[in-house]
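S.K.: Provided herewith: data-v5.cif, mmCIF, C-alpha atoms.
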data_structure
loop_
_atom_site.label_atom_id
_atom_site.label_comp_id
_atom_site.auth_asym_id
_atom_site.auth_seq_id
_atom_site.Cartn_x
_atom_site.Cartn_y
_atom_site.Cartn_z
CA MET A 283 158.60 -100.54 39.77
CA LEU A 284 155.51 -99.08 38.17
CA ALA A 285 153.23 -101.65 39.83
CA ARG A 286 154.82 -100.92 43.22
CA GLN A 287 154.08 -97.21 42.95
CA LEU A 288 150.47 -97.78 41.90
CA VAL A 289 149.75 -100.30 44.66
CA ASP A 290 151.32 -97.98 47.23
CA ARG A 291 148.72 -95.39 46.23
CA GLY A 292 145.84 -97.81 46.62
CA LEU A 293 145.24 -98.85 43.01
CA ASP A 294 144.24 -102.42 42.21
CA VAL A 295 147.01 -104.01 40.13
CA LEU A 296 147.46 -107.48 38.65
CA VAL A 297 150.86 -108.42 37.20
CA LEU A 298 151.13 -111.17 34.59
CA GLU A 299 154.69 -112.51 34.37
CA ARG A 300 155.58 -114.82 31.49
CA ARG A 301 158.62 -116.27 33.24
CA PRO A 302 158.48 -118.41 36.39
CA HIS A 303 160.44 -115.71 38.23
CA LEU A 304 159.95 -111.98 38.70
CA GLY A 305 162.18 -109.12 37.67
CA GLY A 306 162.79 -109.86 34.01
CA ASN A 307 166.51 -109.96 33.28
CA VAL A 308 167.33 -108.64 36.76
CA HIS A 309 167.58 -112.11 38.24
CA ASP A 310 170.40 -113.90 39.99
CA HIS A 311 171.13 -117.25 41.55
CA GLU A 312 173.84 -118.92 43.57
CA HIS A 313 176.33 -121.26 41.91
CA ARG A 314 177.15 -124.48 43.76
CA SER A 315 180.45 -122.86 44.81
CA GLY A 316 178.60 -120.11 46.68
CA ILE A 317 179.32 -117.50 44.00
CA ARG A 318 176.35 -115.31 43.06
CA VAL A 319 175.70 -115.20 39.31
CA HIS A 320 173.46 -112.81 37.38
CA THR A 321 171.41 -115.17 35.21
CA TYR A 322 171.05 -112.84 32.23
CA GLY A 323 174.43 -111.13 32.41
CA PRO A 324 175.88 -108.66 34.92
CA HIS A 325 173.67 -105.86 36.21
CA PHE A 326 175.55 -103.06 37.93
CA PHE A 327 173.37 -100.62 39.82
CA ARG A 328 174.45 -97.00 39.58
CA THR A 329 172.63 -93.69 39.67
CA SER A 330 173.18 -90.03 40.43
CA SER A 331 169.56 -89.60 41.51
CA GLU A 332 169.01 -89.50 45.26
CA ARG A 333 165.33 -90.29 44.68
CA ILE A 334 166.12 -93.50 42.79
CA TRP A 335 168.78 -94.47 45.32
CA ARG A 336 166.23 -94.11 48.14
CA PHE A 337 163.67 -96.11 46.19
CA VAL A 338 165.87 -99.16 45.55
CA ARG A 339 167.02 -99.22 49.17
CA ARG A 340 163.44 -99.54 50.38
CA PHE A 341 163.68 -103.21 49.49
CA ALA A 342 167.30 -104.15 50.19
CA ALA A 343 170.52 -103.01 51.76
CA PHE A 344 173.21 -102.31 49.16
CA TYR A 345 176.94 -102.79 49.61
CA PRO A 346 179.39 -100.51 47.77
CA TYR A 347 180.55 -101.81 44.42
CA VAL A 348 182.31 -99.52 41.95
CA HIS A 349 182.51 -101.33 38.64
CA GLU A 350 185.74 -101.46 36.64
CA ALA A 351 186.41 -103.09 33.28
CA ARG A 352 189.35 -103.77 30.99
CA SER A 353 189.86 -104.62 27.33
CA LEU A 354 192.21 -107.41 26.26
CA VAL A 355 194.27 -105.70 23.53
CA ASP A 356 197.45 -107.24 22.11
CA GLY A 357 197.61 -109.58 25.09
CA ARG A 358 197.41 -106.76 27.65
CA PHE A 359 194.58 -105.70 29.95
CA GLU A 360 194.03 -102.11 28.84
CA PRO A 361 191.72 -99.45 30.33
CA TRP A 362 188.03 -99.39 29.49
CA PRO A 363 186.62 -96.82 28.98
CA ILE A 364 189.50 -95.67 26.81
CA THR A 365 191.73 -93.03 28.43
CA THR A 366 193.48 -89.97 27.07
CA GLY A 367 196.76 -91.77 27.73
CA VAL A 368 195.78 -94.52 25.28
CA VAL A 369 194.88 -91.92 22.66
CA ARG A 370 198.14 -89.98 23.13
CA GLY A 371 200.16 -93.18 23.03
CA ALA A 372 198.61 -94.11 19.70
CA ALA A 373 198.45 -90.72 17.96
CA GLY A 374 200.66 -88.31 19.90
CA LEU A 375 199.85 -85.12 21.78
CA SER A 376 198.79 -83.28 18.65
CA TRP A 377 195.67 -85.39 18.02
CA GLN A 378 192.45 -83.68 19.06
CA PRO A 379 188.82 -84.87 19.03
CA HIS A 380 186.37 -83.06 16.79
CA SER A 381 182.63 -82.61 16.57
CA ALA A 382 180.53 -85.64 15.64
CA THR A 383 177.71 -83.42 14.41
CA GLY A 384 176.58 -84.70 11.04
CA ALA A 385 178.17 -88.14 11.51
CA ALA A 386 176.39 -90.54 9.17
CA ASN A 387 176.95 -93.68 11.25
CA PHE A 388 178.48 -95.18 14.39
CA GLU A 389 181.97 -95.44 12.96
CA GLU A 390 182.12 -91.79 11.91
CA ALA A 391 180.80 -90.69 15.30
CA VAL A 392 183.41 -92.70 17.22
CA LEU A 393 186.25 -91.51 14.98
CA ALA A 394 185.40 -87.98 16.10
CA LYS A 395 186.41 -89.08 19.62
CA MET A 396 189.55 -91.11 18.95
CA PRO A 397 192.11 -91.88 16.22
CA ARG A 398 191.41 -94.75 13.87
CA SER A 399 194.18 -96.93 15.31
CA VAL A 400 192.50 -96.86 18.74
CA TYR A 401 189.06 -97.38 17.24
CA GLU A 402 190.28 -100.44 15.32
CA LYS A 403 191.83 -102.11 18.37
CA TYR A 404 189.30 -101.23 21.06
CA VAL A 405 185.94 -100.57 19.44
CA ARG A 406 185.32 -101.90 15.94
CA GLY A 407 185.84 -105.61 16.61
CA TYR A 408 183.78 -105.57 19.80
CA THR A 409 180.99 -103.63 18.10
CA GLU A 410 180.83 -105.89 15.05
CA LYS A 411 180.78 -109.04 17.18
CA GLN A 412 178.09 -107.49 19.37
CA TRP A 413 175.79 -106.48 16.50
CA GLY A 414 176.83 -108.91 13.75
CA VAL A 415 177.10 -106.18 11.07
CA PRO A 416 179.76 -103.69 9.91
CA ALA A 417 180.09 -100.83 12.37
CA ASN A 418 179.52 -98.25 9.64
CA THR A 419 175.95 -99.52 9.15
CA LEU A 420 174.90 -98.74 12.74
CA GLU A 421 173.27 -95.52 13.92
CA ALA A 422 175.56 -92.67 14.98
CA ALA A 423 173.55 -92.32 18.22
CA LEU A 424 175.02 -95.62 19.47
CA ALA A 425 178.37 -93.84 19.83
CA ARG A 426 177.04 -91.88 22.80
CA ARG A 427 177.96 -94.85 24.97
CA ILE A 428 181.63 -94.64 23.91
CA GLU A 429 183.80 -92.15 25.75
CA VAL A 430 187.41 -91.18 26.28
CA ARG A 431 188.12 -90.77 29.98
CA ALA A 432 190.85 -88.83 31.79
CA ASP A 433 193.86 -90.87 32.89
CA GLY A 434 193.64 -92.35 36.37
CA ASP A 435 189.85 -92.69 36.54
CA ARG A 436 189.29 -96.45 36.56
CA ARG A 437 185.55 -96.31 37.23
CA PHE A 438 183.29 -97.62 34.48
CA THR A 439 180.81 -94.89 35.33
CA THR A 440 181.08 -91.70 37.35
CA LYS A 441 177.56 -91.84 38.80
CA ARG A 442 177.29 -90.83 42.45
CA TYR A 443 175.69 -93.95 43.95
CA GLN A 444 177.00 -97.39 43.03
CA GLY A 445 176.35 -100.74 44.66
CA LEU A 446 174.75 -104.18 44.62
CA PRO A 447 172.00 -105.62 46.86
CA VAL A 448 173.41 -107.57 49.80
CA ASP A 449 171.05 -110.52 49.33
CA GLY A 450 171.09 -110.35 45.54
CA TYR A 451 168.66 -109.00 42.97
CA THR A 452 166.19 -111.90 43.23
CA ALA A 453 165.55 -111.27 46.93
CA TRP A 454 165.35 -107.53 46.22
CA ILE A 455 162.70 -108.05 43.53
CA GLU A 456 160.68 -110.46 45.68
CA ARG A 457 160.48 -107.84 48.44
CA LEU A 458 159.56 -105.15 45.92
CA PHE A 459 156.57 -107.26 44.82
CA GLN A 460 155.27 -108.04 48.30
CA GLY A 461 151.56 -107.26 48.49
CA ILE A 462 151.14 -107.15 44.69
CA ARG A 463 148.99 -109.76 42.96
CA VAL A 464 151.14 -111.71 40.49
CA VAL A 465 150.45 -114.62 38.16
CA ARG A 466 153.75 -116.24 37.16
CA GLY A 467 154.27 -118.36 34.06
CA CYS A 468 151.44 -116.53 32.28
CA ASP A 469 151.94 -115.27 28.72
CA TYR A 470 149.40 -112.49 28.24
CA LEU A 471 149.58 -112.74 24.45
CA GLU A 472 148.45 -116.37 24.63
CA GLN A 473 145.71 -115.68 27.19
CA ARG A 474 144.33 -112.28 26.25
CA GLY A 475 140.75 -113.49 26.51
CA ALA A 476 141.22 -114.48 30.14
CA PHE A 477 142.16 -110.99 31.36
CA SER A 478 140.51 -107.61 30.96
CA ALA A 479 141.85 -104.33 32.35
CA ARG A 480 139.19 -102.16 33.96
CA LYS A 481 141.14 -98.89 33.68
CA LEU A 482 144.49 -99.39 31.98
CA LEU A 483 146.51 -102.20 30.40
CA VAL A 484 150.25 -101.73 30.83
CA TYR A 485 152.10 -103.92 28.34
CA THR A 486 155.88 -104.34 28.70
CA GLY A 487 156.50 -107.13 26.18
CA ALA A 488 157.77 -106.80 22.62
CA ILE A 489 155.64 -104.28 20.76
CA ASP A 490 155.77 -106.19 17.47
CA ALA A 491 154.54 -109.36 19.23
CA LEU A 492 151.54 -107.41 20.54
CA PHE A 493 150.40 -107.01 16.92
CA GLY A 494 151.34 -110.50 15.79
CA TYR A 495 154.39 -109.21 13.87
CA ASP A 496 152.08 -108.24 11.02
CA LEU A 497 154.36 -105.38 9.91
CA GLY A 498 157.49 -107.49 10.34
CA ARG A 499 159.76 -108.43 13.23
CA LEU A 500 161.99 -105.96 15.02
CA ALA A 501 165.59 -107.14 15.21
CA TYR A 502 167.39 -107.87 18.45
CA ARG A 503 170.69 -109.27 19.61
CA ALA A 504 171.09 -111.58 22.57
CA GLN A 505 173.95 -113.30 24.36
CA ARG A 506 174.62 -116.96 24.89
CA ARG A 507 176.48 -117.46 28.16
CA GLU A 508 179.01 -120.20 28.76
CA SER A 509 180.34 -120.62 32.28
CA HIS A 510 183.15 -122.70 33.72
CA PHE A 511 184.46 -123.06 37.24
CA VAL A 512 188.19 -122.70 37.89
CA ALA A 513 188.92 -124.69 41.03
CA GLU A 514 192.65 -124.06 41.21
CA ARG A 515 192.58 -120.23 41.20
CA ASP A 516 190.71 -117.74 43.36
CA ARG A 517 191.04 -114.89 40.85
CA VAL A 518 191.73 -115.03 37.12
CA LEU A 519 190.96 -111.58 35.72
CA PRO A 520 191.99 -108.12 36.97
CA THR A 521 188.39 -106.85 36.96
CA ALA A 522 184.84 -108.18 36.91
CA VAL A 523 184.55 -107.68 33.15
CA VAL A 524 187.16 -107.96 30.41
CA ASN A 525 186.16 -107.05 26.85
CA ASN A 526 187.42 -109.10 23.92
CA PRO A 527 187.52 -106.66 20.97
CA ASP A 528 189.81 -108.82 18.82
CA PRO A 529 187.79 -109.78 15.70
CA ASP A 530 190.01 -112.79 14.92
CA PRO A 531 187.94 -115.96 15.55
CA GLU A 532 191.05 -117.57 17.05
CA ALA A 533 190.88 -114.95 19.83
CA GLY A 534 187.35 -116.13 20.61
CA LEU A 535 183.85 -115.33 19.43
CA HIS A 536 182.87 -113.91 22.82
CA VAL A 537 182.55 -110.17 23.36
CA ARG A 538 183.49 -110.23 27.03
CA THR A 539 184.28 -112.42 30.03
CA ILE A 540 182.83 -111.95 33.51
CA GLU A 541 184.49 -113.08 36.73
CA TRP A 542 181.70 -112.98 39.31
CA LYS A 543 183.82 -112.99 42.48
CA HIS A 544 184.90 -109.41 41.79
CA MET A 545 181.29 -108.35 42.35
CA MET A 546 180.96 -110.02 45.76
CA PRO A 547 181.72 -108.32 49.10
CA ALA A 548 185.42 -108.85 49.81
CA GLU A 549 184.86 -110.84 52.99
CA VAL A 550 182.39 -113.17 51.25
CA ALA A 551 184.65 -113.67 48.21
CA LEU A 552 187.54 -114.65 50.47
CA SER A 553 185.47 -117.49 51.92
CA VAL A 554 184.94 -119.10 48.50
CA ARG A 555 187.61 -121.27 46.92
CA GLY A 556 187.98 -121.16 43.14
CA SER A 557 186.36 -118.78 40.67
CA LEU A 558 183.55 -118.79 38.13
CA LEU A 559 184.01 -117.28 34.65
CA THR A 560 181.28 -116.61 32.09
CA ARG A 561 181.85 -115.81 28.44
CA GLU A 562 179.16 -113.97 26.48
CA ILE A 563 178.73 -114.74 22.78
CA THR A 564 176.30 -112.56 20.89
CA TYR A 565 173.74 -113.96 18.43
CA THR A 566 170.46 -113.06 16.74
CA PRO A 567 167.59 -114.59 18.78
CA THR A 568 164.39 -116.12 17.47
CA ASP A 569 162.97 -117.02 20.89
CA PRO A 570 160.90 -114.04 22.15
CA ASP A 571 162.10 -114.83 25.68
CA ALA A 572 165.71 -114.18 24.66
CA LEU A 573 165.38 -110.60 23.33
CA GLU A 574 168.02 -108.37 24.92
CA TYR A 575 169.41 -105.53 22.78
CA PRO A 576 167.21 -103.54 20.35
CA PHE A 577 169.02 -103.24 17.02
CA PRO A 578 170.33 -99.68 16.49
CA ASP A 579 169.74 -98.95 12.82
CA PRO A 580 167.35 -96.73 10.83
CA THR A 581 165.34 -99.63 9.37
CA ASN A 582 164.32 -101.00 12.76
CA ARG A 583 163.78 -97.52 14.14
CA ALA A 584 161.30 -96.83 11.35
CA LEU A 585 159.50 -100.15 11.86
CA TYR A 586 159.20 -99.47 15.58
CA ALA A 587 157.70 -96.02 14.84
CA ARG A 588 154.95 -97.69 12.78
CA TYR A 589 154.09 -100.10 15.60
CA ARG A 590 154.21 -97.27 18.12
CA ALA A 591 151.77 -95.19 16.08
CA ARG A 592 149.31 -98.10 16.08
CA ALA A 593 149.62 -98.60 19.82
CA ARG A 594 148.89 -94.94 20.47
CA ARG A 595 145.54 -95.27 18.79
CA ILE A 596 144.37 -97.93 21.24
CA PRO A 597 142.62 -96.40 24.27
CA ARG A 598 143.43 -97.57 27.79
CA LEU A 599 146.75 -99.06 26.64
CA LEU A 600 150.25 -98.09 27.77
CA VAL A 601 153.16 -99.82 26.01
CA CYS A 602 156.42 -99.25 27.83
CA GLY A 603 159.67 -100.82 28.97
CA ARG A 604 162.73 -101.92 27.05
CA LEU A 605 160.83 -104.21 24.66
CA GLY A 606 157.72 -102.07 24.43
CA GLU A 607 159.66 -98.90 23.65
CA TYR A 608 162.37 -100.71 21.66
CA ARG A 609 165.04 -98.92 23.63
CA TYR A 610 167.97 -99.99 25.78
CA TYR A 611 167.67 -98.78 29.37
CA ASP A 612 170.27 -98.89 32.11
CA MET A 613 168.76 -99.96 35.43
CA ASP A 614 168.47 -96.45 36.84
CA GLN A 615 166.95 -95.21 33.58
CA ALA A 616 164.36 -97.98 33.67
CA ILE A 617 163.43 -97.10 37.26
CA ALA A 618 163.26 -93.39 36.45
CA ARG A 619 160.96 -94.13 33.51
CA ALA A 620 158.70 -96.30 35.70
CA LEU A 621 158.50 -93.64 38.40
CA THR A 622 157.61 -90.99 35.83
CA LEU A 623 154.93 -93.11 34.16
CA SER A 624 153.40 -94.16 37.46
CA GLN A 625 153.04 -90.52 38.49
CA ARG A 626 151.33 -89.68 35.19
CA ILE A 627 148.95 -92.60 35.67
CA LEU A 628 148.16 -91.47 39.20
CA ASN A 629 147.61 -87.89 38.10
CA ARG A 630 145.11 -88.99 35.48
CA ALA A 631 143.45 -91.47 37.85
CA ASP A 632 142.71 -88.55 40.14
CA ARG A 633 140.85 -86.83 37.30
CA GLN A 634 138.12 -89.30 36.47
CA ASP A 635 136.89 -87.26 33.52
CA ARG A 636 140.12 -87.87 31.60
CA PRO A 637 140.44 -91.25 29.82
CA PHE A 638 143.74 -93.09 29.71
CA ASP A 639 145.40 -93.11 26.32
CA GLN A 640 148.87 -93.78 24.96
CA SER A 641 149.61 -90.19 23.91
CA ALA A 642 149.75 -89.06 27.52
CA PHE A 643 152.78 -91.24 28.22
CA THR A 644 155.05 -90.76 25.21
CA THR A 645 158.75 -90.09 25.49
CA ASN A 646 161.63 -89.35 23.15
CA THR A 647 163.01 -92.78 22.18
CA THR A 648 165.61 -91.73 19.63
#
Spell out the structure here as structure tokens.
M.R.:
Amino acid sequence: MLARQLVDRGLDVLVLERRPHLGGNVHDHEHRSGIRVHTYGPHFFRTSSERIWRFVRRFAAFYPYVHEARSLVDGRFEPWPITTGVVRGAAGLSWQPHSATGAANFEEAVLAKMPRSVYEKYVRGYTEKQWGVPANTLEAALARRIEVRADGDRRFTTKRYQGLPVDGYTAWIERLFQGIRVVRGCDYLEQRGAFSARKLLVYTGAIDALFGYDLGRLAYRAQRRESHFVAERDRVLPTAVVNNPDPDPEAGLHVRTIEWKHMMPAEVALSVRGSLLTREITYTPTDPDALEYPFPDPTNRALYARYRARARRIPRLLVCGRLGEYRYYDMDQAIARALTLSQRILNRADRQDRPFDQSAFTTNTT
């Protein structure tokens, strides 16, 4: 996104992509059945920004897709996000949420929003499988992604614009990169001597890798994906995603199951026989190409701050993106960040007397 904006304004840009394909984790492919699969897990596009909505539709038509999810609790497909009806059913009408101000960890922050019985069935098991540690050791800020929704609202998110690209994300990304010089299959960290930025180096890889991990490695979680085709049924699940919050290993180690046909246009899905299911099992990656979720705890936050301080002292360097900023971004947040940074770069490029430096592009990453 950032490269697109700069090239559109006449700047000379070269993109080095470590993978053989563009777009990072926003990549999809077609299963032999004709079902479109998101290679690195489902990506649902949603935004309330008209500017971002216009930007993404420069490169593809989008069809409406309003994402819904469920949680498999006690053998039933229950609402996700959690609803007030679930809370009342568990604790009665008298239970009321309270302020999470001062919460010491994720568990305390979530318990301000719901009774413990609901937290135990819907949240704790999923969270501990996702992160591999007790929920009460995670940062309280992680609880911002957990909400209790009014009854009857089945949408996963209430953002104004929601959809998926008609031809898939891969085609969308390829069109976005048209006219931009790209070298695929090139790991910048292994070939630094071969490339030199005249004005600004924008680095979007892991910030600890940039410095050879000399202060230690930042922790991540990733997901191993196991897919199987069900030939005898056209639909298996009630929604595209079903969470599996049960911590019992007999219930499965996976955190969720995706049924891809729910995400296809209805008329296309009807033309495909059978269905494809993918289970996601979370693990701690060692392969730098597998990094997905920055680990939300104070230790890693402090280590990231030390790397960030070093990066800021290097002139003509901008470290950004999910791995560079050690921060999880939804798709619209990532695009908004790229649009903001590109404008700051352009503003400074127009003032030749001002050198590029990291401090001009900082953001709050807490």
S.K.: I'd like a table as CSV: residues in segment 284-370 of chain A with an atom no more than 12 Å from segment 416-427 of chain A, each row giving the shortest atom pair and its distance in Å to one decimal, all atoms listed in the file counted, sorted by chain and rising residue number.
M.R.:
residue,atom,partner,partner_atom,distance
A:Trp362,CA,A:Arg427,CA,11.9
A:Pro363,CA,A:Arg427,CA,9.7
A:Ile364,CA,A:Arg427,CA,11.7
S.K.: Please report the interatomic distance between atom CA of Met545 of chain A and atom CA of Glu332 of chain A in Å with one decimal.
M.R.: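 Going from atom CA of Met545 of chain A over to atom CA of Glu332 of chain A covers 22.7 Å.
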S.K.: Care to translate the PyMOL selection byres ((chain A and resi 487) around 10) into actual residues of this file, as a PDB file with C-alpha atoms, in the coordinates of the input?
M.R.:
ATOM      1  CA  GLU A 299     154.690-112.510  34.370  1.00  0.00           C
ATOM      2  CA  ARG A 300     155.580-114.820  31.490  1.00  0.00           C
ATOM      3  CA  ASP A 469     151.940-115.270  28.720  1.00  0.00           C
ATOM      4  CA  TYR A 470     149.400-112.490  28.240  1.00  0.00           C
ATOM      5  CA  LEU A 471     149.580-112.740  24.450  1.00  0.00           C
ATOM      6  CA  VAL A 484     150.250-101.730  30.830  1.00  0.00           C
ATOM      7  CA  TYR A 485     152.100-103.920  28.340  1.00  0.00           C
ATOM      8  CA  THR A 486     155.880-104.340  28.700  1.00  0.00           C
ATOM      9  CA  ALA A 488     157.770-106.800  22.620  1.00  0.00           C
ATOM     10  CA  ILE A 489     155.640-104.280  20.760  1.00  0.00           C
ATOM     11  CA  ASP A 490     155.770-106.190  17.470  1.00  0.00           C
ATOM     12  CA  ALA A 491     154.540-109.360  19.230  1.00  0.00           C
ATOM     13  CA  LEU A 492     151.540-107.410  20.540  1.00  0.00           C
ATOM     14  CA  PRO A 570     160.900-114.040  22.150  1.00  0.00           C
ATOM     15  CA  ASP A 571     162.100-114.830  25.680  1.00  0.00           C
ATOM     16  CA  LEU A 573     165.380-110.600  23.330  1.00  0.00           C
ATOM     17  CA  VAL A 601     153.160 -99.820  26.010  1.00  0.00           C
ATOM     18  CA  CYS A 602     156.420 -99.250  27.830  1.00  0.00           C
ATOM     19  CA  GLY A 603     159.670-100.820  28.970  1.00  0.00           C
ATOM     20  CA  ARG A 604     162.730-101.920  27.050  1.00  0.00           C
ATOM     21  CA  LEU A 605     160.830-104.210  24.660  1.00  0.00           C
ATOM     22  CA  GLY A 606     157.720-102.070  24.430  1.00  0.00           C
ATOM     23  CA  GLU A 607     159.660 -98.900  23.650  1.00  0.00           C
ATOM     24  CA  TYR A 608     162.370-100.710  21.660  1.00  0.00           C
TER      25      TYR A 608
END
S.K.: Write out as a PyMOL selection string the residues lying within 7 Å of segment 380-386 of chain A, counting only C-alpha atoms and excluding same-chain residues fewer than 5 positions away.
M.R.: chain A and resi 391+394-395+422
S.K.: As an exercise, work out the distance from atom CA of Arg506 of chain A to atom CA of Tyr565 of chain A in Å and give it to one decimal place.
M.R.: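 Pair atom CA of Arg506 of chain A / atom CA of Tyr565 of chain A returns 7.2 Å.
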S.K.: Exactly which residues make up the result of the PyMOL selection byres ((chain A and resi 415) around 12) on this file, given as a ChimeraX atom specification?
M.R.: /A:388-389,406-414,416-421,503,564-566,577-579
S.K.: Atom CA of Thr539 of chain A to atom CA of Phe326 of chain A: how many Å, to one decimal?
M.R.: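 Atom CA of Thr539 of chain A sits 15.0 Å away from atom CA of Phe326 of chain A.
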S.K.: For segment 341-349 of chain A, work out the shell of residues within 7 Å, counting all atoms listed in the file and skipping chain neighbours fewer than 5 positions away, then give it as a PyMOL selection string.
M.R.: chain A and resi 437-438+444-448+454+457-458+545
S.K.: Kindly indicate which residue among A:Ala522, A:Ala285, A:Ala501, A:Ala551 lies nearest to Thr568 of chain A, using only C-alpha atoms for the distances.
M.R.: A:Ala501
S.K.: Padding 5 Å on every side, please: axis-aligned box over the listed atoms of segment 558-569 of chain A, centre and edge lengths to one decimal in Å, as JSON.
M.R.:
{"center_x": 173.5, "center_y": -115.7, "center_z": 27.4, "size_x": 31.0, "size_y": 16.2, "size_z": 31.4}
S.K.: Given the choices A:His544, A:Arg609, A:Val537, A:Val400, which gets closest to Tyr502 of chain A if the distance is worked out from only C-alpha atoms?
M.R.: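 Closest to Tyr502 of chain A of all the choices is A:Arg609.
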S.K.: What would the selection look like, as a list in words, if the PyMOL selection byres ((chain A and resi 560) around 7) were run on the coordinates I just shared?
M.R.: Arg507, Glu508, Ser509, His510, Thr539, Ile540, Glu541, Leu558, Leu559, Arg561 and Glu562 of chain A
S.K.: Go through A:Leu500, A:Gln505, A:Asn525, A:Glu532 one by one, measure the shortest atom-to-atom distance of each to Phe359 of chain A using all atoms listed in the file, and give the residue with the smallest value.
M.R.: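 Counting all atoms listed in the file, the residue closest to Phe359 of chain A is A:Asn525.
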